[in-house]
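Data file: model-v5.cif. Format and content: mmCIF, C-alpha atoms and all ligand atoms.
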```
data_model
#
loop_
_atom_site.label_atom_id
_atom_site.label_comp_id
_atom_site.auth_asym_id
_atom_site.auth_seq_id
_atom_site.Cartn_x
_atom_site.Cartn_y
_atom_site.Cartn_z
CA MET A 1252 -10.08 -7.51 4.37
CA HIS A 1253 -7.31 -8.04 1.85
CA GLU A 1254 -7.46 -11.80 2.37
CA LEU A 1255 -10.47 -11.88 0.04
CA SER A 1256 -8.53 -10.04 -2.70
CA ILE A 1257 -5.70 -12.52 -2.30
CA VAL A 1258 -8.03 -15.50 -2.50
CA ILE A 1259 -9.65 -14.14 -5.66
CA SER A 1260 -6.22 -13.78 -7.35
CA LEU A 1261 -5.35 -17.23 -6.07
CA MET A 1262 -8.47 -18.76 -7.62
CA ASP A 1263 -7.57 -17.24 -11.02
CA GLN A 1264 -4.11 -18.80 -10.85
CA ILE A 1265 -5.46 -22.17 -9.75
CA GLU A 1266 -7.85 -22.23 -12.68
CA ASP A 1267 -4.97 -21.48 -15.08
CA VAL A 1268 -2.80 -24.21 -13.60
CA ALA A 1269 -5.70 -26.69 -13.61
CA ARG A 1270 -6.46 -25.97 -17.26
CA VAL A 1271 -2.83 -26.38 -18.34
CA ASN A 1272 -2.48 -29.62 -16.37
CA LYS A 1273 -5.96 -30.88 -17.24
CA LEU A 1274 -7.03 -31.20 -13.61
CA VAL A 1275 -10.77 -31.50 -13.12
CA LYS A 1276 -10.84 -31.57 -9.36
CA ILE A 1277 -8.54 -29.94 -6.80
CA ASP A 1278 -7.87 -31.68 -3.49
CA GLU A 1279 -5.29 -29.41 -1.88
CA ILE A 1280 -3.78 -25.99 -2.41
CA GLN A 1281 -0.47 -25.19 -0.75
CA LEU A 1282 0.05 -21.50 -0.12
CA GLU A 1283 3.03 -19.76 1.48
CA THR A 1284 2.38 -16.44 3.18
CA GLY A 1285 5.12 -14.22 4.56
CA VAL A 1286 4.41 -12.91 8.06
CA LEU A 1287 4.98 -9.32 6.89
CA ARG A 1288 1.92 -9.56 4.64
CA GLN A 1289 -0.55 -9.33 7.53
CA VAL A 1290 -2.47 -12.32 6.30
CA ILE A 1291 -4.56 -13.87 9.04
CA PRO A 1292 -4.81 -17.61 8.26
CA GLU A 1293 -8.32 -17.95 9.75
CA VAL A 1294 -9.60 -15.01 7.71
CA MET A 1295 -7.93 -16.46 4.62
CA GLN A 1296 -9.62 -19.83 5.24
CA GLU A 1297 -13.00 -18.13 5.59
CA ALA A 1298 -12.45 -16.17 2.40
CA PHE A 1299 -11.48 -19.38 0.63
CA GLU A 1300 -14.60 -21.18 1.89
CA SER A 1301 -16.74 -18.34 0.57
CA VAL A 1302 -15.32 -18.37 -2.97
CA LYS A 1303 -14.71 -22.07 -3.56
CA LEU A 1304 -18.37 -23.10 -3.93
CA ASN A 1305 -19.25 -24.22 -7.47
CA THR A 1306 -15.61 -24.14 -8.60
CA ILE A 1307 -13.09 -26.93 -9.17
CA CYS A 1308 -11.92 -26.17 -5.62
CA GLU A 1309 -15.29 -27.03 -4.10
CA ASN A 1310 -13.80 -29.97 -2.14
CA ALA A 1311 -10.28 -28.66 -1.77
CA VAL A 1312 -8.44 -27.81 1.43
CA LEU A 1313 -6.22 -24.77 1.67
CA THR A 1314 -2.94 -25.39 3.47
CA ILE A 1315 -1.26 -22.18 4.61
CA LEU A 1316 2.42 -22.24 5.49
CA GLU A 1317 3.59 -19.10 7.24
CA VAL A 1318 7.07 -17.95 6.24
CA PRO A 1319 9.01 -16.09 8.95
CA ALA A 1320 10.61 -12.76 8.14
CA LEU A 1321 14.31 -12.38 7.41
CA VAL A 1322 16.03 -9.04 6.87
CA VAL A 1323 19.57 -7.83 6.28
CA CYS A 1324 20.91 -4.66 7.91
CA ASN A 1325 22.04 -2.17 5.26
CA LYS A 1326 24.85 -0.96 7.55
CA CYS A 1327 26.52 -4.02 9.06
CA LYS A 1328 25.03 -6.64 6.72
CA SER A 1329 23.99 -8.92 9.56
CA GLN A 1330 20.85 -10.95 8.97
CA PHE A 1331 18.12 -11.37 11.56
CA GLU A 1332 14.47 -12.23 12.07
CA PRO A 1333 12.64 -9.04 13.06
CA ALA A 1334 9.54 -8.84 15.21
CA ILE A 1335 6.61 -7.42 13.27
CA ASP A 1336 6.92 -4.14 15.21
CA ASP A 1337 10.70 -4.08 15.70
CA PHE A 1338 13.20 -4.01 12.82
CA LEU A 1339 16.08 -2.59 14.85
CA CYS A 1340 19.47 -4.16 14.14
CA LYS A 1341 20.94 -5.11 17.51
CA ASN A 1342 24.46 -4.13 16.37
CA CYS A 1343 23.60 -0.75 14.91
CA ASN A 1344 20.46 0.10 16.92
CA LEU A 1345 18.95 1.29 13.64
CA ALA A 1346 16.06 0.04 11.52
CA ASP A 1347 17.57 0.33 8.06
CA VAL A 1348 17.09 -3.05 6.45
CA LYS A 1349 16.29 -4.87 3.27
CA THR A 1350 13.66 -7.60 3.45
CA LEU A 1351 14.86 -10.99 2.24
CA LYS A 1352 11.89 -13.09 3.32
CA GLY A 1353 8.43 -12.56 4.73
CA ASN A 1354 6.84 -10.50 1.94
CA GLU A 1355 5.87 -13.38 -0.31
CA ILE A 1356 2.45 -14.76 -1.04
CA ILE A 1357 3.22 -17.78 -3.15
CA LEU A 1358 1.11 -20.52 -4.62
CA LYS A 1359 3.51 -23.43 -4.05
CA ALA A 1360 1.63 -26.45 -5.28
CA ILE A 1361 -1.72 -27.88 -6.21
CA ILE A 1362 -2.79 -31.46 -5.68
CA GLY A 1363 -5.64 -32.65 -7.86
CA ASP A 1364 -7.15 -35.32 -10.09
CA LYS A 1365 -7.27 -35.61 -13.87
CA MET B 963 -3.94 -37.84 -7.73
CA MET B 964 -1.33 -35.48 -9.11
CA LYS B 965 0.82 -32.80 -7.53
CA VAL B 966 1.69 -29.74 -9.59
CA ASN B 967 4.48 -27.54 -8.24
CA VAL B 968 3.62 -24.01 -9.19
CA VAL B 969 5.63 -21.44 -7.20
CA LYS B 970 3.87 -18.32 -8.40
CA ASN B 971 3.47 -14.94 -6.78
CA VAL B 972 -0.24 -14.68 -6.11
CA LEU B 973 -0.27 -10.89 -6.38
CA LYS B 974 1.66 -10.92 -9.64
CA ALA B 975 -1.30 -9.71 -11.70
CA ASN B 976 -1.55 -6.59 -9.52
CA ASP B 977 2.22 -6.04 -9.50
CA ILE B 978 2.44 -6.18 -13.30
CA VAL B 979 -0.23 -3.49 -13.68
CA ALA B 980 1.41 -1.44 -10.90
CA ASN B 981 4.70 -1.45 -12.79
CA GLU B 982 2.91 -0.31 -15.95
CA ASN B 983 1.33 2.53 -13.96
CA ARG B 984 4.75 3.50 -12.61
CA LYS B 985 6.08 3.81 -16.16
CA ILE B 986 3.12 5.99 -17.12
CA PHE B 987 3.71 8.27 -14.11
CA ASN B 988 7.39 8.56 -14.88
CA LYS B 989 6.84 9.28 -18.55
CA ALA B 990 4.32 11.99 -17.66
CA LYS B 991 6.83 13.50 -15.21
CA VAL B 992 4.36 13.48 -12.35
CA LEU B 993 4.97 12.51 -8.76
CA ALA B 994 2.36 9.92 -7.82
CA LEU B 995 1.47 9.57 -4.15
CA ASN B 996 -0.58 6.83 -2.53
CA ILE B 997 -2.29 8.39 0.49
CA ILE B 998 -3.21 5.90 3.19
CA SER B 999 -4.89 6.23 6.58
CA SER B 1000 -7.81 5.12 8.73
CA PRO B 1001 -11.19 6.59 7.82
CA GLY B 1002 -11.39 10.25 8.77
CA SER B 1003 -7.71 10.97 9.47
CA GLY B 1004 -7.93 14.00 7.22
CA LYS B 1005 -6.79 12.82 3.78
CA THR B 1006 -9.29 14.82 1.74
CA THR B 1007 -9.00 17.91 3.96
CA LEU B 1008 -5.23 17.79 3.53
CA LEU B 1009 -5.64 17.64 -0.26
CA GLU B 1010 -8.02 20.61 -0.11
CA LYS B 1011 -5.21 22.59 1.56
CA THR B 1012 -2.30 21.12 -0.37
CA ILE B 1013 -3.49 21.61 -3.94
CA PRO B 1014 -3.91 25.42 -3.70
CA ALA B 1015 -0.63 25.68 -1.76
CA LEU B 1016 1.23 24.09 -4.69
CA LYS B 1017 0.28 27.23 -6.63
CA GLU B 1018 1.33 26.96 -10.28
CA GLN B 1019 1.99 23.23 -9.97
CA LYS B 1020 -1.07 21.25 -10.98
CA SER B 1021 -2.63 18.23 -9.31
CA ILE B 1022 -4.84 15.41 -10.40
CA VAL B 1023 -6.71 13.45 -7.73
CA ILE B 1024 -7.89 9.85 -7.85
CA VAL B 1025 -10.04 8.89 -4.86
CA GLY B 1026 -11.02 5.41 -3.82
CA ASP B 1027 -14.02 4.97 -1.57
CA LEU B 1028 -16.43 2.12 -0.99
CA GLN B 1029 -19.37 4.40 -1.87
CA THR B 1030 -20.23 7.94 -3.04
CA THR B 1031 -18.35 10.61 -5.00
CA ARG B 1032 -18.16 12.98 -2.03
CA ASP B 1033 -14.40 13.21 -1.77
CA ALA B 1034 -13.85 13.74 -5.50
CA ASP B 1035 -16.55 16.42 -5.41
CA ARG B 1036 -14.69 18.18 -2.58
CA VAL B 1037 -11.51 18.56 -4.62
CA SER B 1038 -12.94 18.84 -8.14
CA GLY B 1039 -12.99 22.66 -8.02
CA ILE B 1040 -9.33 23.00 -7.09
CA ALA B 1041 -7.66 20.05 -8.81
CA LEU B 1042 -6.97 20.04 -12.54
CA ARG B 1043 -9.11 16.92 -12.64
CA ALA B 1044 -10.55 14.58 -10.04
CA VAL B 1045 -12.01 11.12 -10.41
CA GLN B 1046 -13.72 8.86 -7.92
CA ILE B 1047 -13.37 5.10 -7.97
CA ASN B 1048 -16.06 3.22 -6.06
CA THR B 1049 -14.44 0.06 -4.80
CA GLY B 1050 -17.73 -1.49 -3.60
CA MET B 1051 -16.71 -4.45 -1.48
CA SER B 1052 -12.98 -3.90 -1.63
CA CYS B 1053 -11.29 -2.10 1.25
CA HIS B 1054 -8.35 -0.93 -0.92
CA LEU B 1055 -7.59 0.19 -4.45
CA TYR B 1056 -6.12 -2.20 -7.01
CA ALA B 1057 -3.52 -1.20 -9.59
CA ASN B 1058 -5.94 -1.95 -12.43
CA GLN B 1059 -8.53 0.48 -11.04
CA VAL B 1060 -5.87 3.18 -11.15
CA SER B 1061 -4.75 2.17 -14.63
CA GLU B 1062 -8.35 2.38 -15.90
CA SER B 1063 -8.71 5.92 -14.52
CA LEU B 1064 -5.37 7.00 -15.98
CA LYS B 1065 -6.72 6.44 -19.49
CA ASP B 1066 -8.72 9.65 -19.63
CA LEU B 1067 -6.98 11.87 -17.11
CA ALA B 1068 -4.20 13.27 -19.36
CA ILE B 1069 -1.83 13.27 -16.42
CA ASP B 1070 1.05 14.71 -18.45
CA GLU B 1071 -0.66 18.09 -17.95
CA ALA B 1072 -0.15 17.79 -14.19
CA ASP B 1073 2.77 17.74 -11.75
CA TYR B 1074 1.25 15.56 -9.04
CA VAL B 1075 -1.17 12.66 -8.96
CA PHE B 1076 -2.64 12.21 -5.49
CA ILE B 1077 -4.31 8.84 -5.02
CA GLU B 1078 -6.46 8.91 -1.91
CA ASN B 1079 -6.88 5.27 -0.98
CA VAL B 1080 -9.88 3.78 0.82
CA GLY B 1081 -9.86 4.67 4.52
CA ASN B 1082 -8.17 1.61 6.08
CA LEU B 1083 -4.87 1.22 7.88
CA VAL B 1084 -4.16 -2.38 6.90
CA CYS B 1085 -5.03 -3.43 3.36
CA PRO B 1086 -4.02 -0.45 1.15
CA GLY B 1087 -0.40 -0.85 2.21
CA GLU B 1088 -0.36 -4.35 0.70
CA PHE B 1089 -1.31 -3.41 -2.86
CA ASP B 1090 1.18 -1.55 -5.01
CA LEU B 1091 -0.58 0.94 -7.29
CA GLY B 1092 2.60 2.01 -9.06
CA GLU B 1093 2.94 5.16 -6.95
CA ASN B 1094 6.32 6.81 -6.43
CA LEU B 1095 5.76 7.30 -2.71
CA LYS B 1096 3.45 6.21 0.08
CA VAL B 1097 2.08 8.87 2.43
CA VAL B 1098 0.59 7.50 5.65
CA LEU B 1099 -1.52 9.74 7.87
CA LEU B 1100 -2.10 9.27 11.57
CA SER B 1101 -4.43 11.76 13.21
CA VAL B 1102 -4.06 12.82 16.82
CA PRO B 1103 -7.59 11.63 17.86
CA GLU B 1104 -6.74 8.05 16.79
CA GLY B 1105 -4.29 7.73 19.66
CA ASP B 1106 -0.54 7.30 20.07
CA ASP B 1107 -0.61 3.47 20.02
CA LYS B 1108 -1.54 3.06 16.34
CA VAL B 1109 1.99 2.68 14.94
CA ALA B 1110 2.58 -0.23 17.29
CA LYS B 1111 -0.80 -1.75 16.43
CA TYR B 1112 -0.55 -1.38 12.63
CA PRO B 1113 3.22 -1.59 12.13
CA THR B 1114 3.26 -2.93 8.59
CA THR B 1115 1.59 0.06 6.98
CA PHE B 1116 3.85 2.51 8.81
CA ARG B 1117 6.95 0.48 7.91
CA VAL B 1118 6.31 0.84 4.18
CA ALA B 1119 5.58 4.59 4.42
CA ASP B 1120 7.91 7.14 2.88
CA ILE B 1121 6.44 9.87 5.05
CA VAL B 1122 4.18 9.75 8.11
CA LEU B 1123 2.05 12.83 8.67
CA LEU B 1124 0.72 13.33 12.17
CA THR B 1125 -2.46 15.19 11.21
CA LYS B 1126 -4.84 17.34 13.28
CA SER B 1127 -1.84 18.52 15.29
CA ASP B 1128 -4.02 21.41 16.48
CA LEU B 1129 -5.59 18.85 18.83
CA LEU B 1130 -2.28 17.94 20.51
CA GLY B 1131 -2.93 20.25 23.45
CA ILE B 1132 -6.48 18.97 23.89
CA LEU B 1133 -6.03 15.20 23.74
CA ASP B 1134 -3.42 13.14 25.59
CA PHE B 1135 -1.01 12.12 22.89
CA ASP B 1136 2.63 11.15 23.32
CA ILE B 1137 4.49 12.19 20.14
CA LYS B 1138 7.76 10.72 21.40
CA LYS B 1139 6.13 7.28 21.66
CA VAL B 1140 4.94 7.52 18.06
CA LYS B 1141 8.35 8.63 16.83
CA ASP B 1142 10.07 5.84 18.75
CA ASP B 1143 7.67 3.26 17.35
CA ILE B 1144 8.34 4.49 13.80
CA ALA B 1145 12.11 4.51 14.39
CA LYS B 1146 11.88 0.83 15.35
CA LEU B 1147 10.26 0.06 11.98
CA ASN B 1148 12.15 2.16 9.46
CA ALA B 1149 14.84 4.77 10.02
CA ASN B 1150 14.22 6.23 6.56
CA VAL B 1151 10.66 7.47 7.16
CA THR B 1152 10.13 11.23 7.25
CA PHE B 1153 7.88 12.42 10.08
CA LEU B 1154 5.92 15.68 10.03
CA GLU B 1155 3.28 17.17 12.31
CA ILE B 1156 0.61 18.97 10.35
CA SER B 1157 -2.74 20.69 10.83
CA SER B 1158 -5.08 21.42 7.98
CA LYS B 1159 -7.00 23.65 10.36
CA THR B 1160 -4.19 26.00 11.43
CA SER B 1161 -1.82 25.26 8.50
CA ALA B 1162 0.96 24.41 10.96
CA GLY B 1163 3.50 22.20 9.23
CA MET B 1164 2.04 22.93 5.80
CA ASP B 1165 5.20 24.67 4.54
CA GLU B 1166 7.37 21.66 5.41
CA TRP B 1167 4.92 19.31 3.69
CA ILE B 1168 4.83 21.43 0.52
CA PHE B 1169 8.63 21.66 0.58
CA TRP B 1170 8.87 17.86 0.90
CA LEU B 1171 6.49 17.34 -2.04
CA LYS B 1172 8.36 19.76 -4.29
CA GLU B 1173 11.70 18.28 -3.37
CA LYS B 1174 10.49 14.73 -4.04
CA ARG B 1175 8.97 15.76 -7.34
CA SER B 1176 12.12 17.43 -8.59
CA GLN B 1177 14.24 14.47 -7.43
CA SER B 1178 11.94 12.04 -9.17
CA VAL B 1179 11.65 14.03 -12.40
CA GLY B 1180 15.40 14.70 -12.36
CA GLN B 1181 16.09 10.98 -12.12
CA GLN B 1182 13.70 10.28 -14.95
CA ALA B 1183 15.41 12.89 -17.14
CA ARG B 1184 18.78 11.23 -16.52
CA PHE B 1185 17.24 7.85 -17.16
CA VAL B 1186 15.82 9.01 -20.49
CA THR B 1187 19.14 10.48 -21.72
CA GLU B 1188 20.95 7.28 -20.78
CA GLU B 1189 18.57 5.21 -22.85
N1 LIG C 1401 -9.22 19.73 14.13
C1 LIG C 1401 -8.93 19.31 12.91
N2 LIG C 1401 -9.85 18.60 12.20
C2 LIG C 1401 -9.51 18.17 10.97
C3 LIG C 1401 -8.22 18.39 10.42
N3 LIG C 1401 -8.17 17.81 9.20
C4 LIG C 1401 -9.38 17.23 9.00
N4 LIG C 1401 -10.19 17.44 10.06
C5 LIG C 1401 -11.59 16.96 10.20
O1 LIG C 1401 -11.61 15.54 10.23
C6 LIG C 1401 -12.76 15.03 9.58
C7 LIG C 1401 -12.40 14.01 8.53
O2 LIG C 1401 -11.62 14.61 7.53
P1 LIG C 1401 -11.48 14.05 6.04
O3 LIG C 1401 -10.51 14.93 5.34
O4 LIG C 1401 -12.81 13.88 5.42
O5 LIG C 1401 -10.85 12.62 6.32
P2 LIG C 1401 -10.50 11.46 5.28
O6 LIG C 1401 -9.26 10.80 5.76
O7 LIG C 1401 -10.50 11.98 3.90
O8 LIG C 1401 -11.75 10.48 5.48
P3 LIG C 1401 -12.20 9.21 4.58
O9 LIG C 1401 -12.00 9.59 3.15
O10 LIG C 1401 -13.62 9.01 4.93
O11 LIG C 1401 -11.32 8.08 5.00
C8 LIG C 1401 -13.50 16.24 9.01
O12 LIG C 1401 -14.55 16.58 9.89
C9 LIG C 1401 -12.42 17.31 9.01
O13 LIG C 1401 -12.95 18.62 9.13
C10 LIG C 1401 -7.28 19.14 11.19
O14 LIG C 1401 -6.13 19.38 10.80
N5 LIG C 1401 -7.69 19.55 12.43
MG MG C 1402 -11.49 11.31 2.18
ZN ZN C 1403 23.39 -3.47 11.60
#
```

Mind turning this structure into structure tokens?
Amino acid sequence: MHELSIVISLMDQIEDVARVNKLVKIDEIQLETGVLRQVIPEVMQEAFESVKLNTICENAVLTILEVPALVVCNKCKSQFEPAIDDFLCKNCNLADVKTLKGNEIILKAIIGDK
Amino acid sequence: MMKVNVVKNVLKANDIVANENRKIFNKAKVLALNIISSPGSGKTTLLEKTIPALKEQKSIVIVGDLQTTRDADRVSGIALRAVQINTGMSCHLYANQVSESLKDLAIDEADYVFIENVGNLVCPGEFDLGENLKVVLLSVPEGDDKVAKYPTTFRVADIVLLTKSDLLGILDFDIKKVKDDIAKLNANVTFLEISSKTSAGMDEWIFWLKEKRSQSVGQQARFVTEE
């Protein structure tokens, strides 16, 4: 699924960061995934295990922090956390919102050795 | 041991190329549509009906499939040009696959670029290709619970087409349930029932396409004069 695509992009970024910071071995990767991105942590972990062999991430662990969704109603401007299948504003009974949080897939930090 | 704070969007590489594609579409004055659905919902059949119905307006088709050039072959006689991208392992198109194909398609000779994504109701919705609009198909045989089961893809749709509507009388399918489920996700989604077999709903679909294209090209014209 798309977890593999995400992990492949992630590996590219890790290699860039490692090169710039002269890291030779990565111990931990901290990744934030918004719940609206349909990333399944277990599938992501499996994808990571499959691509990390023979890379600087060979012995690294992937820590996934799920970020809850937050939206703002375009009508009444109230903010709320929607359910994945329900974006109705309780005031307006209408799903017309802007997403503030929950769409991100962010590489937060890397812990490694020089 | 050293901690490096990065804070980088992991999909940035794709998003950058998608934004480049969007500029190319806008400059060429085409409406680019990313067509998403489960395998077999009727994407290619719909294109086979849509392209001739657009009459003097010309279409270019980019098709993503894991294997084969079947779908591109099906539309190559009616589209101005058609190209197949074999995605191999990937269950969705990437922006850079689209940007590669755009190089020799001369899209400025067309009015529409239809990008038929790989049949899959989850992953294609996550990867911006630079399209102007997302078209999500749900076919009657798939069942009326699919919006609730795959909400994210339907939430990002600009239009949901309920395809194979000729089968509504044959299969048990609750349209109201589907409409209610979509309304819970996004009040701004257009919903149309359509059948490529009987052509029911085809006029509304063609009208929607033409309206969106003229809105989009009109905006681009204003944008250009303001520059
Ligand atoms: N009854 C009926 N069958 C249809 C309709 N549209 C498509 N079909 C049939 O559905 C099947 C799949 O149609 P395609 O157009 O190939 O579907 P697709 O979404 O392009 O499939 P993939 O590219 O493999 O994901 C074919 O056998 C079509 O003849 C329709 O409106 N009514
Ligand atoms: Mg097809
Ligand atoms: Zn509200």

Distance filter 8 Å, only C-alpha atoms, chain B against chain A, as an MDAnalysis selection string: chainID B and resid 963:973 975 1052:1054 1084:1085 1088 1110 1113:1114 1143 1145:1150

Written file, previous selection with C-alpha atoms, as a PDB file, keeping the file's coordinate frame:
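Written output follows (out_14.pdb):
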```pdb
ATOM      1  CA  MET B 963      -3.940 -37.840  -7.730  1.00  0.00           C
ATOM      2  CA  MET B 964      -1.330 -35.480  -9.110  1.00  0.00           C
ATOM      3  CA  LYS B 965       0.820 -32.800  -7.530  1.00  0.00           C
ATOM      4  CA  VAL B 966       1.690 -29.740  -9.590  1.00  0.00           C
ATOM      5  CA  ASN B 967       4.480 -27.540  -8.240  1.00  0.00           C
ATOM      6  CA  VAL B 968       3.620 -24.010  -9.190  1.00  0.00           C
ATOM      7  CA  VAL B 969       5.630 -21.440  -7.200  1.00  0.00           C
ATOM      8  CA  LYS B 970       3.870 -18.320  -8.400  1.00  0.00           C
ATOM      9  CA  ASN B 971       3.470 -14.940  -6.780  1.00  0.00           C
ATOM     10  CA  VAL B 972      -0.240 -14.680  -6.110  1.00  0.00           C
ATOM     11  CA  LEU B 973      -0.270 -10.890  -6.380  1.00  0.00           C
ATOM     12  CA  ALA B 975      -1.300  -9.710 -11.700  1.00  0.00           C
ATOM     13  CA  SER B1052     -12.980  -3.900  -1.630  1.00  0.00           C
ATOM     14  CA  CYS B1053     -11.290  -2.100   1.250  1.00  0.00           C
ATOM     15  CA  HIS B1054      -8.350  -0.930  -0.920  1.00  0.00           C
ATOM     16  CA  VAL B1084      -4.160  -2.380   6.900  1.00  0.00           C
ATOM     17  CA  CYS B1085      -5.030  -3.430   3.360  1.00  0.00           C
ATOM     18  CA  GLU B1088      -0.360  -4.350   0.700  1.00  0.00           C
ATOM     19  CA  ALA B1110       2.580  -0.230  17.290  1.00  0.00           C
ATOM     20  CA  PRO B1113       3.220  -1.590  12.130  1.00  0.00           C
ATOM     21  CA  THR B1114       3.260  -2.930   8.590  1.00  0.00           C
ATOM     22  CA  ASP B1143       7.670   3.260  17.350  1.00  0.00           C
ATOM     23  CA  ALA B1145      12.110   4.510  14.390  1.00  0.00           C
ATOM     24  CA  LYS B1146      11.880   0.830  15.350  1.00  0.00           C
ATOM     25  CA  LEU B1147      10.260   0.060  11.980  1.00  0.00           C
ATOM     26  CA  ASN B1148      12.150   2.160   9.460  1.00  0.00           C
ATOM     27  CA  ALA B1149      14.840   4.770  10.020  1.00  0.00           C
ATOM     28  CA  ASN B1150      14.220   6.230   6.560  1.00  0.00           C
TER      29      ASN B1150
END
```

Segment 1041-1049 of chain B environment, 9 Å, all atoms listed in the file, sequence neighbours closer than 2 positions dropped, as a tab-separated table (two decimals) with C-alpha atoms, in the frame of the given file:
```
chain	number	residue	atom	x	y	z
B	1010	GLU	CA	-8.02	20.61	-0.11
B	1013	ILE	CA	-3.49	21.61	-3.94
B	1014	PRO	CA	-3.91	25.42	-3.70
B	1020	LYS	CA	-1.07	21.25	-10.98
B	1021	SER	CA	-2.63	18.23	-9.31
B	1022	ILE	CA	-4.84	15.41	-10.40
B	1023	VAL	CA	-6.71	13.45	-7.73
B	1024	ILE	CA	-7.89	9.85	-7.85
B	1025	VAL	CA	-10.04	8.89	-4.86
B	1026	GLY	CA	-11.02	5.41	-3.82
B	1027	ASP	CA	-14.02	4.97	-1.57
B	1028	LEU	CA	-16.43	2.12	-0.99
B	1029	GLN	CA	-19.37	4.40	-1.87
B	1030	THR	CA	-20.23	7.94	-3.04
B	1031	THR	CA	-18.35	10.61	-5.00
B	1032	ARG	CA	-18.16	12.98	-2.03
B	1033	ASP	CA	-14.40	13.21	-1.77
B	1034	ALA	CA	-13.85	13.74	-5.50
B	1035	ASP	CA	-16.55	16.42	-5.41
B	1037	VAL	CA	-11.51	18.56	-4.62
B	1038	SER	CA	-12.94	18.84	-8.14
B	1039	GLY	CA	-12.99	22.66	-8.02
B	1051	MET	CA	-16.71	-4.45	-1.48
B	1052	SER	CA	-12.98	-3.90	-1.63
B	1053	CYS	CA	-11.29	-2.10	1.25
B	1054	HIS	CA	-8.35	-0.93	-0.92
B	1055	LEU	CA	-7.59	0.19	-4.45
B	1056	TYR	CA	-6.12	-2.20	-7.01
B	1059	GLN	CA	-8.53	0.48	-11.04
B	1060	VAL	CA	-5.87	3.18	-11.15
B	1063	SER	CA	-8.71	5.92	-14.52
B	1067	LEU	CA	-6.98	11.87	-17.11
B	1069	ILE	CA	-1.83	13.27	-16.42
B	1071	GLU	CA	-0.66	18.09	-17.95
B	1072	ALA	CA	-0.15	17.79	-14.19
B	1080	VAL	CA	-9.88	3.78	0.82
```

Surroundings of ligand LIG 1401 (chain C) up to 8 Å, based on all atoms listed in the file, as an MDAnalysis selection string: chainID B and resid 999:1009 1027 1033 1078:1082 1125:1129 1156:1161

Nearby residues, ligand ZN 1403 (chain C), 7 Å, all atoms listed in the file, as a PyMOL selection string: chain A and resi 1324-1329+1340-1343+1345

Filtering to C-alpha atoms, could you give me those residues as a CSV table (one decimal), keeping the file's coordinate frame?
```csv
chain,number,residue,atom,x,y,z
A,1324,CYS,CA,20.9,-4.7,7.9
A,1325,ASN,CA,22.0,-2.2,5.3
A,1326,LYS,CA,24.8,-1.0,7.6
A,1327,CYS,CA,26.5,-4.0,9.1
A,1328,LYS,CA,25.0,-6.6,6.7
A,1329,SER,CA,24.0,-8.9,9.6
A,1340,CYS,CA,19.5,-4.2,14.1
A,1341,LYS,CA,20.9,-5.1,17.5
A,1342,ASN,CA,24.5,-4.1,16.4
A,1343,CYS,CA,23.6,-0.8,14.9
A,1345,LEU,CA,19.0,1.3,13.6
```

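We find atom CA of Lys1141 of chain B and atom CA of Val1286 of chain A to be spaced 23.6 Å apart.
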
Length of the atom CA of Pro1103 of chain B to atom CA of Thr1115 of chain B vector [Å]: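 Between these atoms lies a distance of 18.3 Å.
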
Between atom CA of Asn1094 of chain B and atom CA of Leu1351 of chain A, distance in Å (one decimal):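 Interatomic distance, atom CA of Asn1094 of chain B to atom CA of Leu1351 of chain A: 21.6 Å.
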
Best match for closeness to ligand MG 1402 (chain C) among B:Ala1068, B:Leu1099, B:Leu1130, B:Ala994, counting all atoms listed in the file: B:Leu1099

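With distances taken over only C-alpha atoms and all ligand atoms, B:Ile998 is the one residue among B:Trp1170, B:Arg984, B:Ile998, B:Asn976 lying closest to ligand MG 1402 (chain C).
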
Coordinates of segment 1039-1046 of chain B, N, CA and C atoms, as a PDB file, in the first residue's frame:
```
ATOM      1  N   GLY B1039      -7.805   5.235 -29.882  1.00  0.00           N
ATOM      2  CA  GLY B1039      -8.478   5.612 -31.126  1.00  0.00           C
ATOM      3  C   GLY B1039      -9.330   6.863 -31.004  1.00  0.00           C
ATOM      4  N   ILE B1040      -9.783   7.174 -29.812  1.00  0.00           N
ATOM      5  CA  ILE B1040     -10.709   8.305 -29.654  1.00  0.00           C
ATOM      6  C   ILE B1040     -10.050   9.527 -29.007  1.00  0.00           C
ATOM      7  N   ALA B1041      -9.019   9.302 -28.215  1.00  0.00           N
ATOM      8  CA  ALA B1041      -8.334  10.437 -27.584  1.00  0.00           C
ATOM      9  C   ALA B1041      -7.331  11.037 -28.571  1.00  0.00           C
ATOM     10  N   LEU B1042      -6.994  12.281 -28.366  1.00  0.00           N
ATOM     11  CA  LEU B1042      -5.970  12.918 -29.190  1.00  0.00           C
ATOM     12  C   LEU B1042      -4.664  12.141 -29.040  1.00  0.00           C
ATOM     13  N   ARG B1043      -4.351  11.812 -27.812  1.00  0.00           N
ATOM     14  CA  ARG B1043      -3.207  10.952 -27.512  1.00  0.00           C
ATOM     15  C   ARG B1043      -3.500  10.206 -26.211  1.00  0.00           C
ATOM     16  N   ALA B1044      -2.910   9.019 -26.098  1.00  0.00           N
ATOM     17  CA  ALA B1044      -3.083   8.252 -24.866  1.00  0.00           C
ATOM     18  C   ALA B1044      -1.764   7.597 -24.513  1.00  0.00           C
ATOM     19  N   VAL B1045      -1.436   7.593 -23.257  1.00  0.00           N
ATOM     20  CA  VAL B1045      -0.185   6.975 -22.817  1.00  0.00           C
ATOM     21  C   VAL B1045      -0.440   6.132 -21.572  1.00  0.00           C
ATOM     22  N   GLN B1046       0.227   5.001 -21.523  1.00  0.00           N
ATOM     23  CA  GLN B1046       0.077   4.105 -20.383  1.00  0.00           C
ATOM     24  C   GLN B1046       1.326   4.184 -19.521  1.00  0.00           C
TER      25      GLN B1046
END
```
